[in-house]
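Trainee: Next up, work19.cif (mmCIF, C-alpha atoms).
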data_final
#
loop_
_atom_site.label_atom_id
_atom_site.label_comp_id
_atom_site.auth_asym_id
_atom_site.auth_seq_id
_atom_site.Cartn_x
_atom_site.Cartn_y
_atom_site.Cartn_z
CA MET A 22 -9.53 -14.17 -5.36
CA SER A 23 -6.43 -14.91 -7.42
CA THR A 24 -5.49 -11.23 -7.16
CA LEU A 25 -5.64 -11.57 -3.39
CA LEU A 26 -3.37 -14.64 -3.45
CA ARG A 27 -0.92 -12.83 -5.71
CA LEU A 28 -0.95 -9.92 -3.32
CA ILE A 29 -0.26 -12.18 -0.33
CA ARG A 30 2.60 -13.82 -2.20
CA ARG A 31 4.01 -10.43 -3.16
CA ASP A 32 3.80 -9.17 0.43
CA LEU A 33 5.44 -12.33 1.77
CA THR A 34 8.26 -12.15 -0.77
CA ALA A 35 8.77 -8.49 0.06
CA GLU A 36 8.82 -9.21 3.80
CA TRP A 37 11.36 -11.96 3.29
CA SER A 38 13.65 -10.32 0.73
CA SER A 39 13.68 -6.90 2.39
CA GLY A 40 14.82 -8.59 5.58
CA SER A 41 12.24 -6.74 7.68
CA TRP A 42 11.37 -9.99 9.52
CA TRP A 43 14.61 -10.06 11.51
CA LEU A 44 14.14 -6.64 13.12
CA PRO A 45 11.50 -7.76 15.67
CA VAL A 46 13.47 -10.96 16.25
CA ALA A 47 16.71 -9.10 16.93
CA PHE A 48 14.86 -6.76 19.30
CA PHE A 49 13.22 -9.68 21.10
CA LEU A 50 16.55 -11.43 21.64
CA LEU A 51 18.24 -8.21 22.65
CA VAL A 52 15.71 -7.74 25.46
CA ALA A 53 16.30 -11.32 26.58
CA THR A 54 20.04 -10.59 26.62
CA LEU A 55 19.77 -7.28 28.49
CA TYR A 56 17.30 -8.39 31.16
CA PRO A 57 19.82 -10.40 33.25
CA PHE A 58 22.18 -7.41 33.16
CA ALA A 59 19.45 -5.28 34.72
CA VAL A 60 18.12 -7.61 37.42
CA GLY A 61 21.15 -9.76 38.11
CA THR A 62 21.89 -13.37 37.38
CA ASP A 63 19.77 -14.97 40.06
CA ALA A 64 18.65 -18.07 38.13
CA GLN A 65 15.48 -18.53 40.16
CA LEU A 66 14.38 -14.93 39.63
CA LEU A 67 15.11 -15.12 35.90
CA ALA A 68 13.24 -18.38 35.50
CA ARG A 69 10.25 -16.95 37.39
CA THR A 70 10.04 -13.58 35.59
CA GLY A 71 11.64 -14.47 32.25
CA GLY A 72 8.42 -15.61 30.58
CA GLY A 73 6.72 -12.33 31.40
CA ILE A 74 9.62 -10.24 30.12
CA LEU A 75 9.58 -12.19 26.84
CA TRP A 76 5.88 -11.35 26.48
CA VAL A 77 6.65 -7.66 26.99
CA ALA A 78 9.45 -7.98 24.44
CA ALA A 79 7.05 -9.58 21.96
CA LEU A 80 4.54 -6.76 22.40
CA LEU A 81 7.23 -4.11 21.91
CA ALA A 82 8.62 -6.03 18.94
CA ALA A 83 5.21 -5.78 17.26
CA LEU A 84 5.77 -2.03 17.15
CA LEU A 85 8.91 -2.15 15.02
CA PRO A 86 7.42 -3.13 11.65
CA VAL A 87 4.57 -0.59 11.85
CA GLU A 88 6.32 2.03 9.71
CA ARG A 89 7.18 -0.50 7.01
CA LEU A 90 3.82 -2.23 6.58
CA PHE A 91 1.94 0.21 4.33
CA ALA A 92 4.05 3.35 4.03
CA PRO A 93 6.34 2.17 1.17
CA ASP A 94 3.37 1.00 -0.92
CA PHE A 95 1.46 4.17 -0.08
CA ASP A 96 4.36 6.43 -1.06
CA ALA A 97 5.04 4.50 -4.26
CA GLY A 98 1.42 4.70 -5.36
CA VAL A 99 0.93 0.93 -5.23
CA LEU A 100 -2.14 1.25 -2.98
CA ASP A 101 -3.70 3.70 -5.44
CA GLN A 102 -3.08 1.30 -8.30
CA LEU A 103 -4.74 -1.55 -6.39
CA ALA A 104 -7.76 0.65 -5.63
CA LEU A 105 -7.90 1.65 -9.30
CA ARG A 106 -8.22 -2.02 -10.16
CA GLY A 107 -11.27 -2.25 -7.95
CA LEU A 108 -9.64 -4.18 -5.12
CA ALA A 109 -11.34 -3.41 -1.80
CA ASP A 110 -9.18 -1.78 0.86
CA GLU A 111 -10.39 -4.48 3.24
CA SER A 112 -8.90 -7.11 0.93
CA VAL A 113 -5.58 -5.27 0.78
CA ALA A 114 -5.58 -5.09 4.58
CA ALA A 115 -6.51 -8.76 4.94
CA ALA A 116 -3.73 -9.79 2.57
CA ARG A 117 -1.27 -7.72 4.56
CA LEU A 118 -2.55 -9.21 7.82
CA LEU A 119 -1.99 -12.75 6.58
CA SER A 120 1.48 -12.12 5.20
CA HIS A 121 2.54 -10.10 8.25
CA THR A 122 1.21 -12.75 10.65
CA LEU A 123 3.43 -15.32 8.96
CA GLY A 124 6.37 -12.95 8.68
CA PHE A 125 6.09 -11.86 12.31
CA ALA A 126 4.90 -14.92 14.22
CA VAL A 127 7.05 -17.66 12.73
CA PRO A 128 10.45 -15.97 13.30
CA LEU A 129 9.29 -14.87 16.76
CA LEU A 130 8.29 -18.40 17.78
CA ILE A 131 11.66 -19.72 16.64
CA ALA A 132 13.38 -16.91 18.55
CA THR A 133 11.78 -18.10 21.80
CA VAL A 134 14.22 -21.04 21.79
CA PRO A 135 17.37 -18.92 22.25
CA GLY A 136 15.29 -16.43 24.24
CA ALA A 137 14.22 -19.04 26.78
CA ALA A 138 17.78 -20.39 26.96
CA LEU A 139 19.18 -16.91 27.68
CA LEU A 140 16.82 -16.51 30.63
CA GLY A 141 17.09 -20.13 31.81
CA LEU A 142 13.35 -20.82 31.49
CA GLU A 143 12.14 -24.30 32.37
CA GLN A 144 10.93 -26.34 29.46
CA GLU A 145 7.37 -26.31 30.75
CA THR A 146 7.34 -22.50 30.92
CA TRP A 147 8.81 -22.32 27.44
CA GLN A 148 6.06 -24.55 26.10
CA ARG A 149 3.38 -22.36 27.62
CA LEU A 150 5.15 -19.29 26.21
CA VAL A 151 5.28 -20.76 22.71
CA ILE A 152 1.63 -21.80 22.75
CA GLY A 153 0.64 -18.41 24.10
CA LEU A 154 2.69 -16.51 21.51
CA ALA A 155 1.33 -18.72 18.72
CA ILE A 156 -2.18 -17.69 19.80
CA GLY A 157 -1.34 -14.06 20.54
CA ALA A 158 1.00 -13.22 17.66
CA PRO A 159 -1.76 -13.03 15.01
CA GLY A 160 -3.57 -10.56 17.26
CA LEU A 161 -0.40 -8.49 17.69
CA ALA A 162 0.22 -8.64 13.92
CA GLY A 163 -3.34 -7.44 13.36
CA LEU A 164 -2.74 -4.59 15.75
CA SER A 165 0.45 -3.62 13.87
CA VAL A 166 -1.42 -3.67 10.55
CA THR A 167 -4.29 -1.55 11.89
CA ILE A 168 -2.02 1.01 13.52
CA ALA A 169 0.15 1.14 10.40
CA ALA A 170 -2.92 1.99 8.33
CA ILE A 171 -4.22 4.56 10.82
CA THR A 172 -0.90 6.41 11.10
CA LEU A 173 -0.33 6.32 7.32
CA GLY A 174 0.82 9.66 5.98
CA GLN A 175 0.97 11.27 9.43
CA ARG A 176 4.05 13.03 10.63
CA GLY A 177 5.86 11.23 13.45
CA SER A 178 3.87 8.10 12.71
CA GLY A 179 6.36 5.89 14.58
CA ALA A 180 5.90 7.56 17.96
CA LEU A 181 2.17 7.97 17.40
CA GLY A 182 1.91 4.29 16.51
CA GLY A 183 3.59 3.30 19.76
CA LEU A 184 1.20 5.37 21.82
CA MET A 185 -1.76 3.74 20.08
CA LEU A 186 -0.51 0.17 19.79
CA LEU A 187 0.81 -0.51 23.26
CA PRO A 188 -2.41 0.19 25.22
CA LEU A 189 -4.44 -1.85 22.74
CA GLY A 190 -2.01 -4.74 23.17
CA VAL A 191 -2.57 -4.90 26.94
CA PRO A 192 -5.29 -7.60 26.87
CA VAL A 193 -3.05 -9.88 24.81
CA LEU A 194 -0.19 -9.19 27.22
CA ILE A 195 -2.26 -9.85 30.35
CA PHE A 196 -3.76 -13.12 29.20
CA GLY A 197 -0.57 -14.23 27.43
CA ALA A 198 1.47 -13.71 30.57
CA GLY A 199 -1.38 -15.22 32.59
CA MET A 200 -1.01 -18.41 30.60
CA LEU A 201 2.51 -18.82 31.98
CA ASP A 202 0.98 -19.64 35.37
CA PRO A 203 0.37 -23.39 35.58
CA MET A 204 -3.01 -22.62 37.17
CA GLY A 205 -3.96 -20.14 34.44
CA SER A 206 -5.86 -22.38 32.05
CA SER A 207 -8.73 -19.91 31.63
CA ALA A 208 -6.22 -17.26 30.55
CA MET A 209 -5.72 -19.25 27.35
CA LEU A 210 -9.38 -18.89 26.43
CA PHE A 211 -9.28 -15.17 27.09
CA LEU A 212 -6.08 -14.91 25.04
CA CYS A 213 -7.83 -16.71 22.16
CA ALA A 214 -10.75 -14.30 22.44
CA ALA A 215 -8.55 -11.19 22.56
CA SER A 216 -6.43 -12.34 19.61
CA LEU A 217 -9.46 -13.40 17.58
CA LEU A 218 -11.13 -10.06 18.16
CA LEU A 219 -8.05 -8.16 16.96
CA VAL A 220 -7.70 -10.39 13.88
CA ALA A 221 -11.40 -10.08 13.03
CA VAL A 222 -11.48 -6.30 13.37
CA THR A 223 -8.22 -5.66 11.49
CA PRO A 224 -9.35 -5.94 7.83
CA PHE A 225 -12.23 -3.54 8.41
CA ALA A 226 -10.45 -1.05 10.66
CA ALA A 227 -7.28 -1.03 8.55
CA GLY A 228 -9.31 -1.00 5.32
CA ALA A 229 -11.27 2.05 6.44
CA ALA A 230 -8.02 3.74 7.49
CA LEU A 231 -6.42 3.02 4.09
CA ARG A 232 -9.44 4.55 2.36
CA ALA A 233 -9.27 7.61 4.59
CA ALA A 234 -5.54 8.02 3.88
CA ARG A 235 -6.15 7.87 0.13
CA GLU A 236 -8.99 10.37 0.21
CA ARG A 237 -7.20 12.81 2.43
CA MET B 21 -16.08 8.53 -32.33
CA SER B 22 -18.84 5.98 -31.93
CA GLY B 23 -19.59 3.06 -29.67
CA ALA B 24 -20.31 2.82 -25.99
CA LEU B 25 -18.86 5.37 -23.64
CA LEU B 26 -15.76 4.38 -21.68
CA LEU B 27 -16.20 7.14 -19.13
CA ALA B 28 -19.03 9.48 -18.28
CA ALA B 29 -18.81 12.13 -15.58
CA GLU B 30 -21.62 14.52 -14.76
CA GLY B 31 -21.59 17.76 -12.79
CA LEU B 32 -18.42 17.10 -10.80
CA ALA B 33 -17.18 19.37 -8.05
CA CYS B 34 -14.12 19.09 -5.85
CA ILE B 35 -13.51 20.31 -2.32
CA ARG B 36 -10.03 20.04 -0.85
CA GLY B 37 -9.38 21.17 2.70
CA ASP B 38 -12.70 23.07 3.06
CA ARG B 39 -12.01 24.97 -0.17
CA LEU B 40 -14.09 24.53 -3.31
CA LEU B 41 -11.46 24.02 -6.03
CA TRP B 42 -13.70 23.72 -9.05
CA ARG B 43 -17.23 22.75 -10.02
CA GLY B 44 -19.48 22.03 -12.96
CA ILE B 45 -17.16 19.71 -14.87
CA SER B 46 -18.83 17.11 -17.07
CA LEU B 47 -17.10 14.97 -19.62
CA SER B 48 -17.65 11.80 -21.57
CA LEU B 49 -15.20 9.68 -23.48
CA ALA B 50 -15.98 7.31 -26.32
CA PRO B 51 -13.33 5.03 -27.88
CA GLY B 52 -10.72 7.17 -29.60
CA ASP B 53 -11.51 10.30 -27.59
CA ALA B 54 -9.04 12.37 -25.63
CA VAL B 55 -9.51 15.13 -23.08
CA MET B 56 -6.75 17.54 -22.19
CA LEU B 57 -6.91 19.24 -18.81
CA THR B 58 -5.11 22.57 -18.63
CA GLY B 59 -4.60 25.11 -15.90
CA ALA B 60 -2.08 26.49 -13.45
CA ASN B 61 -0.44 24.51 -10.66
CA GLY B 62 -2.75 23.73 -7.77
CA ILE B 63 -5.91 24.36 -9.76
CA GLY B 64 -7.06 20.77 -9.22
CA LYS B 65 -6.06 18.82 -12.32
CA SER B 66 -4.67 15.93 -10.30
CA SER B 67 -7.77 15.90 -8.10
CA LEU B 68 -9.96 15.59 -11.19
CA ILE B 69 -7.82 12.70 -12.46
CA ARG B 70 -8.12 10.97 -9.07
CA ILE B 71 -11.88 11.55 -8.95
CA LEU B 72 -12.23 10.08 -12.44
CA GLY B 73 -10.24 7.05 -11.29
CA GLY B 74 -12.47 6.59 -8.25
CA LEU B 75 -9.61 7.30 -5.84
CA LEU B 76 -11.22 10.44 -4.47
CA PRO B 77 -14.95 10.96 -3.92
CA PRO B 78 -16.32 14.02 -5.72
CA ALA B 79 -18.03 16.66 -3.60
CA ALA B 80 -20.85 16.56 -6.12
CA GLY B 81 -21.69 14.71 -9.32
CA THR B 82 -21.22 11.18 -10.57
CA VAL B 83 -18.51 9.22 -12.35
CA ALA B 84 -19.29 6.09 -14.34
CA ARG B 85 -16.37 4.11 -15.69
CA HIS B 86 -17.26 1.38 -18.14
CA ALA B 87 -13.79 0.08 -18.91
CA ARG B 88 -10.66 -1.08 -17.15
CA THR B 89 -8.60 1.94 -16.20
CA ALA B 90 -4.88 2.56 -15.95
CA MET B 91 -3.33 5.60 -14.34
CA VAL B 92 0.10 7.21 -14.42
CA ASP B 93 0.92 9.94 -11.95
CA GLU B 94 4.17 11.21 -10.44
CA ARG B 95 4.83 7.84 -8.76
CA HIS B 96 5.89 4.74 -10.68
CA ALA B 97 4.06 2.30 -8.37
CA LEU B 98 6.66 -0.42 -8.95
CA ASP B 99 8.43 -2.49 -6.32
CA ALA B 100 11.65 -0.53 -6.03
CA HIS B 101 13.71 -3.53 -4.86
CA LEU B 102 12.66 -5.87 -7.67
CA PRO B 103 14.21 -5.87 -11.16
CA LEU B 104 12.05 -3.83 -13.54
CA GLY B 105 10.98 -6.86 -15.55
CA GLN B 106 9.65 -8.62 -12.44
CA ALA B 107 8.10 -5.46 -11.00
CA LEU B 108 6.16 -4.92 -14.23
CA GLY B 109 5.39 -8.63 -14.33
CA GLN B 110 3.60 -8.40 -10.97
CA TRP B 111 1.15 -5.87 -12.32
CA ALA B 112 0.78 -7.90 -15.51
CA ALA B 113 -0.07 -10.93 -13.36
CA ILE B 114 -2.67 -8.97 -11.40
CA ASP B 115 -4.11 -7.56 -14.63
CA GLY B 116 -3.95 -11.01 -16.24
CA THR B 117 -2.13 -9.72 -19.32
CA GLY B 118 0.94 -11.98 -19.30
CA THR B 119 4.66 -11.37 -19.58
CA ALA B 120 4.78 -10.98 -23.38
CA GLY B 121 3.07 -7.62 -22.98
CA VAL B 122 5.68 -6.55 -20.45
CA HIS B 123 8.55 -7.15 -22.88
CA THR B 124 6.72 -5.36 -25.69
CA ALA B 125 6.05 -2.43 -23.38
CA MET B 126 9.68 -2.19 -22.21
CA ASP B 127 10.83 -2.35 -25.86
CA ARG B 128 8.38 0.37 -26.81
CA LEU B 129 9.61 2.70 -24.08
CA GLY B 130 13.27 1.98 -24.87
CA ILE B 131 14.01 0.53 -21.43
CA ALA B 132 14.37 -3.14 -22.38
CA HIS B 133 18.05 -2.97 -21.38
CA LEU B 134 16.97 -2.06 -17.82
CA ALA B 135 14.86 -5.19 -17.32
CA ASP B 136 17.29 -6.58 -14.73
CA VAL B 137 17.79 -3.29 -12.85
CA PRO B 138 15.57 -2.36 -9.87
CA PRO B 139 13.69 0.94 -10.37
CA ARG B 140 15.32 2.55 -7.32
CA TYR B 141 18.47 3.07 -9.42
CA PHE B 142 16.55 4.79 -12.23
CA SER B 143 16.75 8.44 -13.17
CA THR B 144 13.58 10.54 -13.10
CA GLY B 145 13.00 10.07 -16.81
CA GLN B 146 13.64 6.34 -16.63
CA LYS B 147 11.12 6.03 -13.78
CA LYS B 148 8.55 7.84 -15.88
CA ARG B 149 9.28 5.52 -18.80
CA ALA B 150 8.84 2.54 -16.48
CA ALA B 151 5.47 3.92 -15.34
CA LEU B 152 4.41 4.36 -18.97
CA ALA B 153 5.52 0.79 -19.67
CA ARG B 154 3.24 -0.33 -16.82
CA LEU B 155 0.48 1.70 -18.45
CA ILE B 156 0.67 0.05 -21.86
CA ALA B 157 1.32 -3.40 -20.43
CA SER B 158 -1.94 -3.13 -18.48
CA ASP B 159 -3.84 -3.20 -21.78
CA ALA B 160 -6.58 -1.05 -20.21
CA PRO B 161 -8.81 0.91 -22.61
CA LEU B 162 -9.05 4.01 -20.43
CA TRP B 163 -5.91 5.97 -19.57
CA LEU B 164 -5.70 8.62 -16.87
CA LEU B 165 -2.45 10.51 -17.25
CA ASP B 166 -1.31 13.06 -14.69
CA GLU B 167 1.65 15.02 -16.08
CA PRO B 168 2.92 12.14 -18.25
CA ALA B 169 5.64 14.31 -19.81
CA ASN B 170 7.24 15.42 -16.54
CA GLY B 171 10.88 14.42 -16.37
CA LEU B 172 10.97 13.04 -19.89
CA ASP B 173 13.53 14.16 -22.47
CA ARG B 174 12.43 15.42 -25.88
CA ASP B 175 12.41 11.93 -27.39
CA GLY B 176 10.38 10.73 -24.44
CA VAL B 177 7.75 13.42 -24.94
CA ALA B 178 7.47 12.57 -28.64
CA LEU B 179 7.22 8.90 -27.70
CA THR B 180 4.43 9.65 -25.21
CA GLU B 181 2.52 11.52 -27.89
CA ALA B 182 2.96 8.58 -30.26
CA LEU B 183 1.79 6.13 -27.58
CA ILE B 184 -1.34 8.17 -26.93
CA ALA B 185 -2.08 8.42 -30.65
CA ALA B 186 -1.64 4.66 -31.10
CA HIS B 187 -3.81 3.96 -28.06
CA ARG B 188 -6.60 6.14 -29.44
CA ALA B 189 -6.31 4.60 -32.88
CA ALA B 190 -6.76 1.19 -31.24
CA GLY B 191 -10.01 2.32 -29.63
CA GLY B 192 -8.71 3.57 -26.30
CA ALA B 193 -9.49 6.85 -24.60
CA VAL B 194 -7.24 9.24 -22.70
CA VAL B 195 -7.65 11.90 -20.05
CA CYS B 196 -4.43 13.85 -19.78
CA ALA B 197 -3.45 16.64 -17.41
CA SER B 198 -0.29 18.44 -18.39
CA HIS B 199 1.24 21.86 -18.01
CA LEU B 200 3.79 20.97 -20.68
CA PRO B 201 2.57 21.26 -24.26
CA LEU B 202 1.57 17.82 -25.55
CA THR B 203 0.26 17.36 -29.04
CA LEU B 204 -2.76 15.09 -28.80
CA GLY B 205 -4.26 15.66 -32.24
CA GLU B 206 -8.00 16.21 -32.15
CA ALA B 207 -8.94 16.47 -28.48
CA GLN B 208 -11.37 18.23 -26.18
CA THR B 209 -9.74 20.70 -23.84
CA ILE B 210 -11.05 21.52 -20.38
CA ASP B 211 -9.64 24.75 -19.06
CA MET B 212 -9.87 24.24 -15.31
CA ALA B 213 -9.70 27.99 -14.67
CA ALA B 214 -13.15 28.37 -16.23
CA HIS B 215 -14.59 26.09 -13.56
CA ARG B 216 -13.16 27.89 -10.60
CA PRO B 217 -15.84 29.33 -8.35
CA SER B 218 -16.13 33.11 -8.38
CA GLU B 219 -14.89 34.79 -5.22
CA THR B 220 -18.38 35.54 -3.93
CA VAL B 221 -19.38 31.89 -4.15
CA SER B 222 -16.40 30.57 -2.24
#
What would the structure in this file look like if it were written as structure tokens?
Mentor:
Amino acid sequence: MSTLLRLIRRDLTAEWSSGSWWLPVAFFLLVATLYPFAVGTDAQLLARTGGGILWVAALLAALLPVERLFAPDFDAGVLDQLALRGLADESVAAARLLSHTLGFAVPLLIATVPGAALLGLEQETWQRLVIGLAIGAPGLAGLSVTIAAITLGQRGSGALGGLMLLPLGVPVLIFGAGMLDPMGSSAMLFLCAASLLLVAVTPFAAGAALRAARER
Amino acid sequence: MSGALLLAAEGLACIRGDRLLWRGISLSLAPGDAVMLTGANGIGKSSLIRILGGLLPPAAGTVARHARTAMVDERHALDAHLPLGQALGQWAAIDGTGTAGVHTAMDRLGIAHLADVPPRYFSTGQKKRAALARLIASDAPLWLLDEPANGLDRDGVALTEALIAAHRAAGGAVVCASHLPLTLGEAQTIDMAAHRPSETVS
């Protein structure tokens, strides 16, 4: 257990010190900045559609860290060394899931403040967006971790990862955006279910993928 | 050469990419033992090392490891952005061996002056020395070495030989694959070429 905690702390420190956390945030804010250029500055239109576009931005932002989640450790032989010490691949994946959830969700939630301001969202919409992202981000992080493990060691893993991640993220997107509707209270339950499912599957799916990558 | 076995492998075979690389390899290591794996490039020395470490499933046979195992291959497995001392310290923390061992190991490998430098700035030989420092700091009785002399200068090779000798004298065991001549003292040698399947079999 202490090995697992050390691993989580190592992953978190790496995520922080390598600065990889700001990449999804910068992308998220860039989308929020570009959107008014594309559809015009009609405040009503932006306020009505802005929440949805921020959800799309969050889903796309989940794609950016995929190539950095396992590949450096895989290439450096760190994953082999962990396996040599008898640590289960599922544990390695779970540790990565936890550290990436923190490293992805927290900056993203903070970024919704300037993001909502850029699109002129009402405070009520922003609140529903933040709650929805707080529920959905662990699921998206789990998806990133799983896809990162599956595409490990493949050529063109970035493009492949996008093709695999985006369709799987659709349930989170649908129910997350559905929560923005004041009448959409049941969407929140479905969002919880979708996110929970992704989080629960991740350690096993990613663990199996890590094992397959090692034994290839 | 007495005491419980650290490693016992029975009737191993290895298939890579639908091709039978080798078969019929058995070996056992007691404290103080060493096995040298020899053979041409691509004959499957690294695969055997990885099978012995449990990183690759054998196509046939069994591997039983009865001791903590440390491995050095062509990758240093250190966090490239962290100073060497901290990067080694992370493994020492996971292995529960403490930081004193890290300093001793860096001293032994002659890289103590690099403790504050991240491994990404190292030369090939320095990276190999860092990996060997990780090996001895792990304090594991069983060593799996895949080309430990690659990239090392002449002093480094002599140092590696001395490290292996000291490890065996202290009751450790070593499996070493190398195409460079390494003097291991009294050691079993497995010539991988002898375990290649004949053409008719493959």
Trainee: Would you list which chain B residues are within 9 Å of chain A using only C-alpha atoms, as a list of chain:residue names?
Mentor: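 Here they are: B:Arg36, B:Gly37, B:Gly73, B:Gly74, B:Leu75, B:Leu76, B:Pro77, B:Arg88, B:Thr89, B:Ala90, B:Met91, B:Asp93, B:Glu94, B:Arg95, B:His96, B:Ala97, B:Leu98, B:Asp99, B:Ala100, B:His101, B:Gln110, B:Ala113, B:Ile114, B:Asp115.
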Trainee: Dig up all the protein and nucleic acid residues within 6 Å of (8.4, 4.8, -23.9) in the file frame, using only C-alpha atoms, and format them as a PyMOL selection string.
Mentor: chain B and resi 128-130+149+179
Trainee: So how far away is atom CA of B:Leu27 from atom CA of B:Pro201, in Å?
Mentor: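 Taking atom CA of B:Pro201 as the start and atom CA of B:Leu27 as the end point, the length is 24.0 Å.
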Trainee: Can you tell me how far atom CA of B:Gly59 sits from atom CA of B:Ser198, in Å to one decimal?
Mentor: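 About the pair atom CA of B:Gly59 and atom CA of B:Ser198: they are 8.3 Å apart.
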Trainee: Kindly resolve the PyMOL selection byres ((chain A and resi 150-153) around 7) on the present coordinates and return the residues as a ChimeraX atom specification.
Mentor: /A:72,130,146-149,154-157,197,200-201
Trainee: Nearest to A:Gly183: which of A:Leu84, A:Gly160, A:Leu66, A:Thr34 is it, counting all atoms listed in the file?
Mentor: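 Looking only at the distances to A:Gly183, the closest residue turns out to be A:Leu84.
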Trainee: At most 9 Å from (0.2, -10.3, 13.3), file frame, all atoms listed in the file: which residues, as an mmCIF file with C-alpha atoms, in the coordinates of the input?
Mentor:
data_model
loop_
_atom_site.group_PDB
_atom_site.id
_atom_site.type_symbol
_atom_site.label_atom_id
_atom_site.label_comp_id
_atom_site.auth_asym_id
_atom_site.auth_seq_id
_atom_site.Cartn_x
_atom_site.Cartn_y
_atom_site.Cartn_z
ATOM 1 C CA ALA A 83 5.210 -5.780 17.260
ATOM 2 C CA LEU A 118 -2.550 -9.210 7.820
ATOM 3 C CA LEU A 119 -1.990 -12.750 6.580
ATOM 4 C CA SER A 120 1.480 -12.120 5.200
ATOM 5 C CA HIS A 121 2.540 -10.100 8.250
ATOM 6 C CA THR A 122 1.210 -12.750 10.650
ATOM 7 C CA LEU A 123 3.430 -15.320 8.960
ATOM 8 C CA GLY A 124 6.370 -12.950 8.680
ATOM 9 C CA PHE A 125 6.090 -11.860 12.310
ATOM 10 C CA ALA A 126 4.900 -14.920 14.220
ATOM 11 C CA GLY A 157 -1.340 -14.060 20.540
ATOM 12 C CA ALA A 158 1.000 -13.220 17.660
ATOM 13 C CA PRO A 159 -1.760 -13.030 15.010
ATOM 14 C CA GLY A 160 -3.570 -10.560 17.260
ATOM 15 C CA LEU A 161 -0.400 -8.490 17.690
ATOM 16 C CA ALA A 162 0.220 -8.640 13.920
ATOM 17 C CA GLY A 163 -3.340 -7.440 13.360
ATOM 18 C CA LEU A 164 -2.740 -4.590 15.750
ATOM 19 C CA SER A 165 0.450 -3.620 13.870
ATOM 20 C CA VAL A 166 -1.420 -3.670 10.550
ATOM 21 C CA VAL A 220 -7.700 -10.390 13.880
#
Trainee: Rounded to one decimal place, report the atom CA of A:Trp42-atom CA of A:Leu210 distance in Å.
Mentor: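 Result for atom CA of A:Trp42 versus atom CA of A:Leu210: 28.2 Å, one decimal.
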Trainee: Taking all atoms listed in the file into account, which of B:Ala135, B:Asn170, B:Leu183, B:Tyr141 comes nearest B:Ile156?
Mentor: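 Closest to B:Ile156, using all atoms listed in the file: B:Leu183.
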Trainee: Skipping near chain neighbours, those fewer than 4 positions away, what residues fall within 7 Å of stretch 133-138 of chain A using all atoms listed in the file, listed as a PyMOL selection string?
Mentor: chain A and resi 50+53+129+142+147
Trainee: I'd like the neighbourhood of B:Gly205 as JSON, numbers by chain, where a residue qualifies if any of its atoms comes within 12 Å (using all atoms listed in the file), though same-chain residues fewer than 6 positions away should be ignored.
Mentor: {"B": [52, 53, 54, 55, 56, 181, 182, 184, 185, 186, 188, 189, 194]}
Trainee: Could you please take those selected residues and save C-alpha atoms as an mmCIF file, in the frame of the given file?
Mentor:
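selection05.cif, freshly written:
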data_model
loop_
_atom_site.group_PDB
_atom_site.id
_atom_site.type_symbol
_atom_site.label_atom_id
_atom_site.label_comp_id
_atom_site.auth_asym_id
_atom_site.auth_seq_id
_atom_site.Cartn_x
_atom_site.Cartn_y
_atom_site.Cartn_z
ATOM 1 C CA GLY B 52 -10.720 7.170 -29.600
ATOM 2 C CA ASP B 53 -11.510 10.300 -27.590
ATOM 3 C CA ALA B 54 -9.040 12.370 -25.630
ATOM 4 C CA VAL B 55 -9.510 15.130 -23.080
ATOM 5 C CA MET B 56 -6.750 17.540 -22.190
ATOM 6 C CA GLU B 181 2.520 11.520 -27.890
ATOM 7 C CA ALA B 182 2.960 8.580 -30.260
ATOM 8 C CA ILE B 184 -1.340 8.170 -26.930
ATOM 9 C CA ALA B 185 -2.080 8.420 -30.650
ATOM 10 C CA ALA B 186 -1.640 4.660 -31.100
ATOM 11 C CA ARG B 188 -6.600 6.140 -29.440
ATOM 12 C CA ALA B 189 -6.310 4.600 -32.880
ATOM 13 C CA VAL B 194 -7.240 9.240 -22.700
#
Trainee: Padding 8 Å on each side, edges along x, y and z: where is the centre of the box around the listed atoms of stretch 175-178 of chain A, and how long are its edges in Å to one decimal? Output it as JSON.
Mentor:
{"center_x": 3.4, "center_y": 10.6, "center_z": 11.4, "size_x": 20.9, "size_y": 20.9, "size_z": 20.0}
Trainee: As a check of understanding, name the residues that the PyMOL selection byres ((chain A and resi 69) around 12) selects in the supplied structure, as a ChimeraX atom specification.
Mentor: /A:63-68,70-75,137,140-143,145-147,198,201-203
Trainee: Which residue, A:Gly228, A:Phe49, A:Glu88, A:Tyr56, has the smallest gap to A:Leu181 when you use only C-alpha atoms?
Mentor: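 Under the stated criterion, the closest residue is A:Glu88.
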Trainee: Please list as a list in words every residue within 9 Å of B:Ala125, counting only C-alpha atoms and excluding residues in the same chain fewer than 2 positions away.
Mentor: Ala120, Gly121, Val122, His123, Asp127, Arg128, Leu129, Gly130, Ile131, Ala132, Ala150, Leu152, Ala153, Arg154, Leu155, Ile156 and Ala157 of chain B
Trainee: Out of A:Thr62, A:Pro57, A:Ala115, A:Pro128, which residue has the shortest atom-to-atom distance to A:Ser41 when counting all atoms listed in the file?
Mentor: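 Counting all atoms listed in the file, the residue closest to A:Ser41 is A:Pro128.
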Trainee: For A:Leu186, list every protein, DNA or RNA residue within 7 Å, evaluated using only C-alpha atoms, and leave out those in the same chain fewer than 4 positions away; present the list as a PyMOL selection string.
Mentor: chain A and resi 164+168+182+190
